[in-house]
$ cat coords-v6.cif   # mmCIF, C-alpha atoms
data_query
#
loop_
_atom_site.label_atom_id
_atom_site.label_comp_id
_atom_site.auth_asym_id
_atom_site.auth_seq_id
_atom_site.Cartn_x
_atom_site.Cartn_y
_atom_site.Cartn_z
CA MET A 1 -209.07 54.49 -143.98
CA TYR A 2 -206.24 51.97 -143.85
CA ALA A 3 -203.11 53.24 -145.61
CA ILE A 4 -199.88 51.31 -146.11
CA VAL A 5 -196.79 53.40 -146.74
CA ILE A 6 -193.77 51.64 -148.26
CA GLY A 7 -190.44 53.31 -147.54
CA GLY A 8 -189.62 55.16 -144.31
CA GLY A 9 -187.28 57.84 -145.63
CA LYS A 10 -188.05 61.53 -145.25
CA VAL A 11 -191.13 61.38 -147.47
CA GLY A 12 -192.47 58.20 -145.86
CA TYR A 13 -191.94 59.52 -142.36
CA TYR A 14 -193.74 62.84 -142.90
CA LEU A 15 -196.50 61.16 -144.88
CA ALA A 16 -197.14 58.58 -142.15
CA ARG A 17 -197.05 61.27 -139.47
CA ASP A 18 -199.52 63.38 -141.39
CA LEU A 19 -201.93 60.49 -141.96
CA LEU A 20 -201.74 59.53 -138.26
CA GLU A 21 -202.50 63.12 -137.22
CA ARG A 22 -205.56 62.99 -139.44
CA GLY A 23 -206.68 59.91 -137.52
CA GLU A 24 -206.11 57.35 -140.27
CA GLU A 25 -204.93 53.80 -139.68
CA VAL A 26 -201.36 53.60 -140.94
CA LEU A 27 -198.73 50.93 -141.44
CA LEU A 28 -195.25 52.08 -142.42
CA LEU A 29 -192.88 49.54 -144.00
CA GLU A 30 -189.14 50.11 -143.76
CA LYS A 31 -186.44 47.61 -144.68
CA ASP A 32 -183.56 49.06 -142.67
CA SER A 33 -184.00 47.89 -139.08
CA ALA A 34 -182.09 50.78 -137.46
CA ARG A 35 -184.19 53.30 -139.39
CA ALA A 36 -187.36 51.35 -138.51
CA GLU A 37 -186.45 51.55 -134.82
CA TRP A 38 -186.09 55.33 -135.04
CA LEU A 39 -189.40 55.61 -136.90
CA SER A 40 -191.11 53.57 -134.17
CA SER A 41 -189.68 55.85 -131.50
CA GLN A 42 -191.27 58.81 -133.31
CA LEU A 43 -194.54 57.36 -134.57
CA GLY A 44 -195.32 54.49 -132.20
CA SER A 45 -196.07 50.91 -133.10
CA VAL A 46 -197.12 51.46 -136.70
CA VAL A 47 -193.80 50.43 -138.24
CA LEU A 48 -192.91 47.01 -139.65
CA THR A 49 -189.38 46.04 -140.67
CA GLY A 50 -189.22 44.26 -144.00
CA ASP A 51 -188.83 44.54 -147.72
CA GLY A 52 -191.81 46.18 -149.44
CA ASP A 53 -191.60 43.87 -152.43
CA GLU A 54 -191.03 40.56 -150.65
CA MET A 55 -194.31 38.70 -151.00
CA SER A 56 -193.88 36.64 -147.82
CA PHE A 57 -193.43 39.87 -145.87
CA LEU A 58 -196.26 41.69 -147.59
CA SER A 59 -198.63 38.83 -146.69
CA THR A 60 -198.14 39.73 -143.02
CA THR A 61 -199.25 43.34 -143.48
CA GLY A 62 -202.97 42.86 -144.03
CA MET A 63 -202.53 44.48 -147.41
CA GLU A 64 -205.68 42.90 -148.80
CA ARG A 65 -207.77 45.21 -146.60
CA ALA A 66 -205.76 48.36 -147.36
CA ASP A 67 -207.70 51.21 -148.97
CA VAL A 68 -204.57 52.73 -150.38
CA VAL A 69 -200.92 51.73 -150.74
CA LEU A 70 -198.29 54.42 -151.24
CA ALA A 71 -194.76 53.53 -152.37
CA VAL A 72 -192.35 56.35 -151.63
CA THR A 73 -188.83 54.89 -151.66
CA GLY A 74 -186.04 56.57 -153.60
CA ASP A 75 -185.97 53.77 -156.19
CA ASP A 76 -188.54 53.87 -158.97
CA GLU A 77 -188.21 50.18 -159.81
CA ASP A 78 -188.93 49.19 -156.18
CA ASN A 79 -191.95 51.50 -156.01
CA LEU A 80 -193.32 50.14 -159.27
CA VAL A 81 -192.99 46.46 -158.34
CA ALA A 82 -194.37 46.97 -154.81
CA LEU A 83 -197.49 48.65 -156.20
CA GLN A 84 -197.98 46.13 -158.99
CA LEU A 85 -197.85 43.35 -156.38
CA ALA A 86 -200.31 45.30 -154.22
CA LYS A 87 -202.72 45.56 -157.13
CA LYS A 88 -202.33 42.13 -158.70
CA ARG A 89 -201.84 39.97 -155.61
CA PHE A 90 -203.78 41.85 -152.94
CA ASN A 91 -206.41 43.58 -155.08
CA VAL A 92 -205.65 46.98 -153.56
CA LYS A 93 -207.96 49.54 -155.17
CA ARG A 94 -205.77 52.62 -155.02
CA THR A 95 -202.01 52.75 -155.52
CA ILE A 96 -199.91 55.91 -155.41
CA ALA A 97 -196.22 56.14 -156.29
CA ARG A 98 -193.49 58.62 -155.67
CA VAL A 99 -191.57 58.86 -158.92
CA ASN A 100 -187.96 59.96 -158.76
CA ASN A 101 -187.30 60.25 -162.48
CA PRO A 102 -189.99 62.60 -163.90
CA ALA A 103 -190.03 60.65 -167.18
CA ASN A 104 -191.41 57.68 -165.26
CA VAL A 105 -194.75 59.38 -164.47
CA ARG A 106 -196.03 58.33 -167.89
CA ILE A 107 -194.42 54.89 -167.67
CA PHE A 108 -195.98 54.15 -164.25
CA LYS A 109 -199.45 55.02 -165.54
CA ILE A 110 -199.03 52.78 -168.58
CA LEU A 111 -197.91 49.99 -166.22
CA GLY A 112 -201.01 50.23 -164.03
CA VAL A 113 -200.15 52.50 -161.09
CA ASP A 114 -203.13 54.76 -160.31
CA GLU A 115 -201.23 57.92 -159.42
CA ALA A 116 -197.57 58.72 -160.04
CA ILE A 117 -196.21 61.86 -158.42
CA SER A 118 -192.88 63.43 -159.30
CA ALA A 119 -191.37 65.71 -156.64
CA THR A 120 -189.17 67.28 -159.31
CA GLU A 121 -192.17 68.23 -161.44
CA LEU A 122 -194.09 69.64 -158.46
CA LEU A 123 -191.11 71.69 -157.37
CA LEU A 124 -190.50 73.00 -160.87
CA SER A 125 -194.10 74.05 -161.45
CA ALA A 126 -194.25 75.77 -158.03
CA MET A 127 -191.06 77.65 -158.78
CA GLU A 128 -192.22 78.60 -162.26
CA GLU A 129 -195.41 79.96 -160.72
CA GLU A 130 -193.36 82.05 -158.27
CA ILE A 131 -191.26 83.44 -161.11
CA ALA A 132 -194.36 84.26 -163.14
CA GLU A 133 -195.86 86.16 -160.18
CA GLU A 134 -192.70 88.23 -159.76
CA SER A 135 -192.59 89.43 -163.33
CA MET B 1 -182.72 35.74 -189.76
CA LEU B 2 -180.57 38.47 -188.22
CA VAL B 3 -182.16 40.48 -185.46
CA LYS B 4 -181.52 43.60 -183.44
CA VAL B 5 -181.25 42.83 -179.72
CA VAL B 6 -181.00 45.17 -176.72
CA ILE B 7 -179.54 43.64 -173.55
CA VAL B 8 -179.71 45.42 -170.19
CA GLY B 9 -177.05 44.14 -167.78
CA CYS B 10 -173.54 43.14 -168.82
CA GLY B 11 -172.92 40.51 -166.16
CA ARG B 12 -171.85 36.94 -166.85
CA VAL B 13 -175.04 36.01 -168.65
CA GLY B 14 -175.56 39.34 -170.43
CA ALA B 15 -171.99 39.48 -171.72
CA ARG B 16 -171.93 35.84 -172.77
CA LEU B 17 -175.21 36.23 -174.60
CA ALA B 18 -174.01 39.44 -176.29
CA LEU B 19 -170.84 37.73 -177.53
CA GLN B 20 -172.74 34.69 -178.77
CA LEU B 21 -175.32 36.79 -180.63
CA THR B 22 -172.77 39.08 -182.27
CA HIS B 23 -170.76 36.01 -183.26
CA GLU B 24 -173.86 34.78 -185.07
CA GLY B 25 -174.08 38.13 -186.86
CA HIS B 26 -176.89 39.75 -184.88
CA ASP B 27 -176.94 43.46 -184.08
CA VAL B 28 -176.45 43.77 -180.31
CA THR B 29 -176.50 46.75 -177.93
CA VAL B 30 -175.63 46.16 -174.26
CA ILE B 31 -176.44 48.67 -171.51
CA ASP B 32 -174.79 48.63 -168.08
CA GLN B 33 -174.37 51.17 -165.28
CA SER B 34 -170.79 50.13 -164.65
CA ALA B 35 -168.03 50.70 -167.21
CA THR B 36 -165.96 47.88 -165.71
CA ALA B 37 -168.72 45.39 -166.60
CA PHE B 38 -167.88 45.88 -170.28
CA ALA B 39 -164.49 44.21 -169.71
CA ARG B 40 -166.45 40.95 -169.95
CA LEU B 41 -167.02 41.70 -173.65
CA GLY B 42 -163.29 41.57 -174.42
CA ASP B 43 -161.38 43.96 -176.65
CA ASN B 44 -163.03 43.52 -180.02
CA PHE B 45 -166.73 43.45 -179.26
CA PRO B 46 -168.47 44.06 -182.59
CA GLY B 47 -171.70 45.29 -180.99
CA THR B 48 -172.45 48.51 -179.09
CA ALA B 49 -171.80 48.98 -175.36
CA LEU B 50 -173.69 51.86 -173.72
CA LEU B 51 -172.98 53.17 -170.23
CA GLY B 52 -176.21 54.12 -168.49
CA ASN B 53 -179.43 53.26 -166.73
CA GLY B 54 -181.55 50.50 -168.26
CA ILE B 55 -184.79 51.79 -166.74
CA ASP B 56 -184.39 55.23 -168.29
CA GLU B 57 -186.66 55.79 -171.29
CA ASP B 58 -184.18 58.07 -173.08
CA MET B 59 -181.37 55.58 -172.54
CA LEU B 60 -183.46 52.76 -173.99
CA LYS B 61 -184.27 54.93 -177.02
CA ARG B 62 -180.57 55.67 -177.52
CA ALA B 63 -179.97 51.93 -177.46
CA GLY B 64 -182.40 51.62 -180.36
CA ILE B 65 -185.22 49.91 -178.50
CA GLU B 66 -187.77 51.36 -180.91
CA GLU B 67 -186.31 49.28 -183.74
CA ALA B 68 -185.37 46.24 -181.63
CA ASP B 69 -186.69 42.76 -182.42
CA ALA B 70 -185.79 41.43 -178.99
CA PHE B 71 -185.02 42.69 -175.49
CA CYS B 72 -183.36 40.96 -172.51
CA ALA B 73 -183.29 42.26 -168.91
CA LEU B 74 -180.38 40.56 -167.17
CA THR B 75 -179.22 42.87 -164.38
CA ASN B 76 -178.69 41.66 -160.80
CA GLY B 77 -181.87 43.32 -159.60
CA ASP B 78 -185.22 41.60 -160.06
CA ASN B 79 -187.11 44.87 -159.84
CA ARG B 80 -184.86 46.64 -162.34
CA ASN B 81 -185.36 43.74 -164.74
CA ILE B 82 -189.11 43.73 -164.20
CA MET B 83 -189.37 47.46 -164.82
CA SER B 84 -187.17 47.60 -167.92
CA ALA B 85 -188.76 44.48 -169.44
CA GLN B 86 -192.24 45.93 -168.93
CA MET B 87 -191.11 49.16 -170.59
CA ALA B 88 -189.84 47.11 -173.54
CA GLN B 89 -193.04 45.08 -173.76
CA HIS B 90 -195.74 47.64 -172.99
CA VAL B 91 -194.22 51.02 -173.88
CA PHE B 92 -192.02 50.14 -176.86
CA ASN B 93 -193.87 47.00 -178.03
CA VAL B 94 -190.70 44.96 -178.60
CA PRO B 95 -191.88 41.65 -180.14
CA LYS B 96 -189.74 39.35 -177.98
CA VAL B 97 -188.93 40.13 -174.32
CA VAL B 98 -187.00 38.02 -171.81
CA CYS B 99 -186.84 39.11 -168.16
CA ARG B 100 -184.75 37.29 -165.56
CA ILE B 101 -186.34 37.15 -162.10
CA TYR B 102 -184.53 35.29 -159.29
CA ASP B 103 -187.43 35.42 -156.83
CA PRO B 104 -189.82 32.52 -157.66
CA ILE B 105 -192.83 34.37 -156.29
CA ARG B 106 -192.32 37.48 -158.37
CA TYR B 107 -191.59 35.16 -161.30
CA GLU B 108 -195.02 33.52 -160.93
CA VAL B 109 -196.79 36.88 -160.60
CA TYR B 110 -195.24 38.38 -163.73
CA LYS B 111 -195.55 35.16 -165.70
CA SER B 112 -199.26 35.19 -165.03
CA LEU B 113 -199.35 38.80 -166.25
CA GLY B 114 -197.94 37.74 -169.61
CA LEU B 115 -194.39 39.08 -169.25
CA GLY B 116 -191.68 36.94 -170.90
CA VAL B 117 -189.90 35.69 -167.77
CA ILE B 118 -187.27 33.14 -166.80
CA CYS B 119 -186.33 32.12 -163.25
CA PRO B 120 -182.85 30.61 -162.74
CA THR B 121 -183.83 29.69 -159.16
CA VAL B 122 -186.70 27.50 -160.36
CA SER B 123 -184.91 26.03 -163.38
CA GLY B 124 -181.67 25.52 -161.41
CA THR B 125 -183.51 23.72 -158.62
CA GLU B 126 -185.26 21.49 -161.15
CA THR B 127 -181.98 20.61 -162.84
CA VAL B 128 -180.29 19.65 -159.56
CA HIS B 129 -183.37 17.81 -158.35
CA GLU B 130 -183.54 15.76 -161.53
CA ILE B 131 -179.90 14.70 -161.16
CA LEU B 132 -180.46 13.74 -157.52
CA VAL B 133 -183.56 11.61 -157.95
CA LYS B 134 -182.70 10.05 -161.31
CA ASP B 135 -182.10 6.26 -161.13
#
$ encode --input "coords-v6.cif" --output "structure tokens"
Amino acid sequence: MYAIVIGGGKVGYYLARDLLERGEEVLLLEKDSARAEWLSSQLGSVVLTGDGDEMSFLSTTGMERADVVLAVTGDDEDNLVALQLAKKRFNVKRTIARVNNPANVRIFKILGVDEAISATELLLSAMEEEIAEES
Amino acid sequence: MLVKVVIVGCGRVGARLALQLTHEGHDVTVIDQSATAFARLGDNFPGTALLGNGIDEDMLKRAGIEEADAFCALTNGDNRNIMSAQMAQHVFNVPKVVCRIYDPIRYEVYKSLGLGVICPTVSGTETVHEILVKD
């Protein structure tokens, strides 16, 4: 499976590492060059420096053969546009977004993203489960 | 006919448009993340200025997007504009939507998807070009 991860923050880094450990083909896109250098030192040559919603850059990533594109930056608008471009311009079948504002889970689905995952919602439901078990 | 307009982004264009529309008697609400941006509206702005995030569903509802006849996304960020304009068009079904996109490539993509878009880069280039090559 070829997975492209957009955004090399904490989530992007651990996600890419995990996918690599599982033997998947991974490309991690990070726009900050200093951060990208650090990511390369940790993960090897699977990191490209560039903006995940610049078309000219995306054309160099082989996105049209990606099985899945995951956008996990801290900005919902950047994640949305990157995945819409992936779908509309590169015909990527499966797109998955990290959503920072939980209210955007619904919005992302209406706007064509296949899966929208809110860390806040996941954390809340896990904590609620813990509380329920205690009582 | 008087209309209700929601404008996201109180920069030079957003503020100028807001003043022009209120002068004509239209009902205008402007949203911006920066309180200092509202200085562009002057002291006696007859419309509503709301401090907040233009890609937040609750904020857009507070601005009256559900009753709006028109919506303009005029922030500095292409992706913010694209996201809020799509929310206006596809989530709140605002009849008339205008989204400013500086990047010509993203402009083409979203134009082909049926979003109401304008691109000052393309129109500005055309204007200058016409002056240069005109006899």
$ residues_near_point --input "coords-v6.cif" --point "(-172.7, 39.3, -168.1)" --cutoff "12 Å" --atoms "all atoms listed in the file" --output "ChimeraX atom specification"
/B:7-20,30-32,34,36-42,72-76
$ interface_residues --input "coords-v6.cif" --of "chain A" --to "chain B" --cutoff "8 Å" --atoms "all atoms listed in the file" --output "VMD selection string"
chain A and resid 55 77 to 78 80 to 81 85 88 to 89 103 to 104 107 110 to 111
$ atom_distance --input "coords-v6.cif" --atom1 "atom CA of His23 of chain B" --atom2 "atom CA of Glu66 of chain B"
23.0 Å
$ resolve_selection --input "coords-v6.cif" --expression "the PyMOL selection byres ((chain B and resi 52) around 6)" --output "list in words"
Asp32, Gln33, Leu51 and Asn53 of chain B
$ residues_near_point --input "coords-v6.cif" --point "(-190.8, 62.9, -162.1)" --cutoff "9 Å" --atoms "only C-alpha atoms" --output "PyMOL selection string"
chain A and resi 98-105+116-122
$ resolve_selection --input "coords-v6.cif" --expression "the PyMOL selection byres ((chain A and resi 47) around 8)" --output "list of chain:residue names"
A:Leu27, A:Leu28, A:Leu29, A:Glu30, A:Ala36, A:Leu39, A:Ser40, A:Leu43, A:Gly44, A:Ser45, A:Val46, A:Leu48, A:Thr49
$ atom_distance --input "coords-v6.cif" --atom1 "atom CA of Cys99 of chain B" --atom2 "atom CA of Leu115 of chain B"
7.6 Å
$ axis_aligned_box --input "coords-v6.cif" --around "segment 60-78 of chain B" --padding-each-side "5 Å" --output "JSON"
{"center_x": -183.2, "center_y": 48.1, "center_z": -171.7, "size_x": 19.1, "size_y": 25.1, "size_z": 34.1}
$ atom_distance --input "coords-v6.cif" --atom1 "atom CA of Val92 of chain A" --atom2 "atom CA of Val94 of chain B"
29.2 Å
$ closest_residue --input "coords-v6.cif" --among "B:Lys61, B:Gly116, B:Pro104, B:Val122" --to "Phe92 of chain B" --atoms "only C-alpha atoms"
B:Lys61
$ closest_residue --input "coords-v6.cif" --among "B:Leu132, B:Ala70, B:Val98, B:Cys119" --to "Val3 of chain B" --atoms "all atoms listed in the file"
B:Ala70
$ residues_around --input "coords-v6.cif" --residues "segment 62-64 of chain A" --least-positions-apart "4" --cutoff "7 Å" --atoms "all atoms listed in the file" --output "list of chain:residue names"
A:Leu58, A:Phe90, A:Asn91, A:Val92
$ resolve_selection --input "coords-v6.cif" --expression "the PyMOL selection byres ((chain B and resi 65) around 9)" --output "MDAnalysis selection string"
chainID B and resid 4:6 60:64 66:71 88 92 94
$ decode --input "coords-v6.cif" --residues "segment 14-36 of chain A" --atoms "C-alpha atoms" --output "short mmCIF file (atom, residue, chain, number, x, y, z; two decimals), in the first residue's frame"
data_model
loop_
_atom_site.label_atom_id
_atom_site.label_comp_id
_atom_site.auth_asym_id
_atom_site.auth_seq_id
_atom_site.Cartn_x
_atom_site.Cartn_y
_atom_site.Cartn_z
CA TYR A 14 4.11 8.73 14.59
CA LEU A 15 1.69 7.79 11.82
CA ALA A 16 4.47 7.58 9.21
CA ARG A 17 6.67 5.60 11.61
CA ASP A 18 3.87 3.18 12.32
CA LEU A 19 3.07 2.64 8.64
CA LEU A 20 6.76 2.09 7.85
CA GLU A 21 7.05 -0.48 10.64
CA ARG A 22 4.11 -2.30 9.11
CA GLY A 23 6.05 -2.45 5.84
CA GLU A 24 3.95 0.04 3.88
CA GLU A 25 5.33 2.45 1.30
CA VAL A 26 5.14 5.91 2.83
CA LEU A 27 5.77 9.47 1.71
CA LEU A 28 5.64 12.17 4.38
CA LEU A 29 5.15 15.79 3.27
CA GLU A 30 6.32 18.59 5.54
CA LYS A 31 6.54 22.26 4.62
CA ASP A 32 9.05 23.40 7.24
CA SER A 33 12.50 22.44 5.97
CA ALA A 34 14.17 22.24 9.40
CA ARG A 35 11.41 19.95 10.65
CA ALA A 36 11.64 17.90 7.43
#
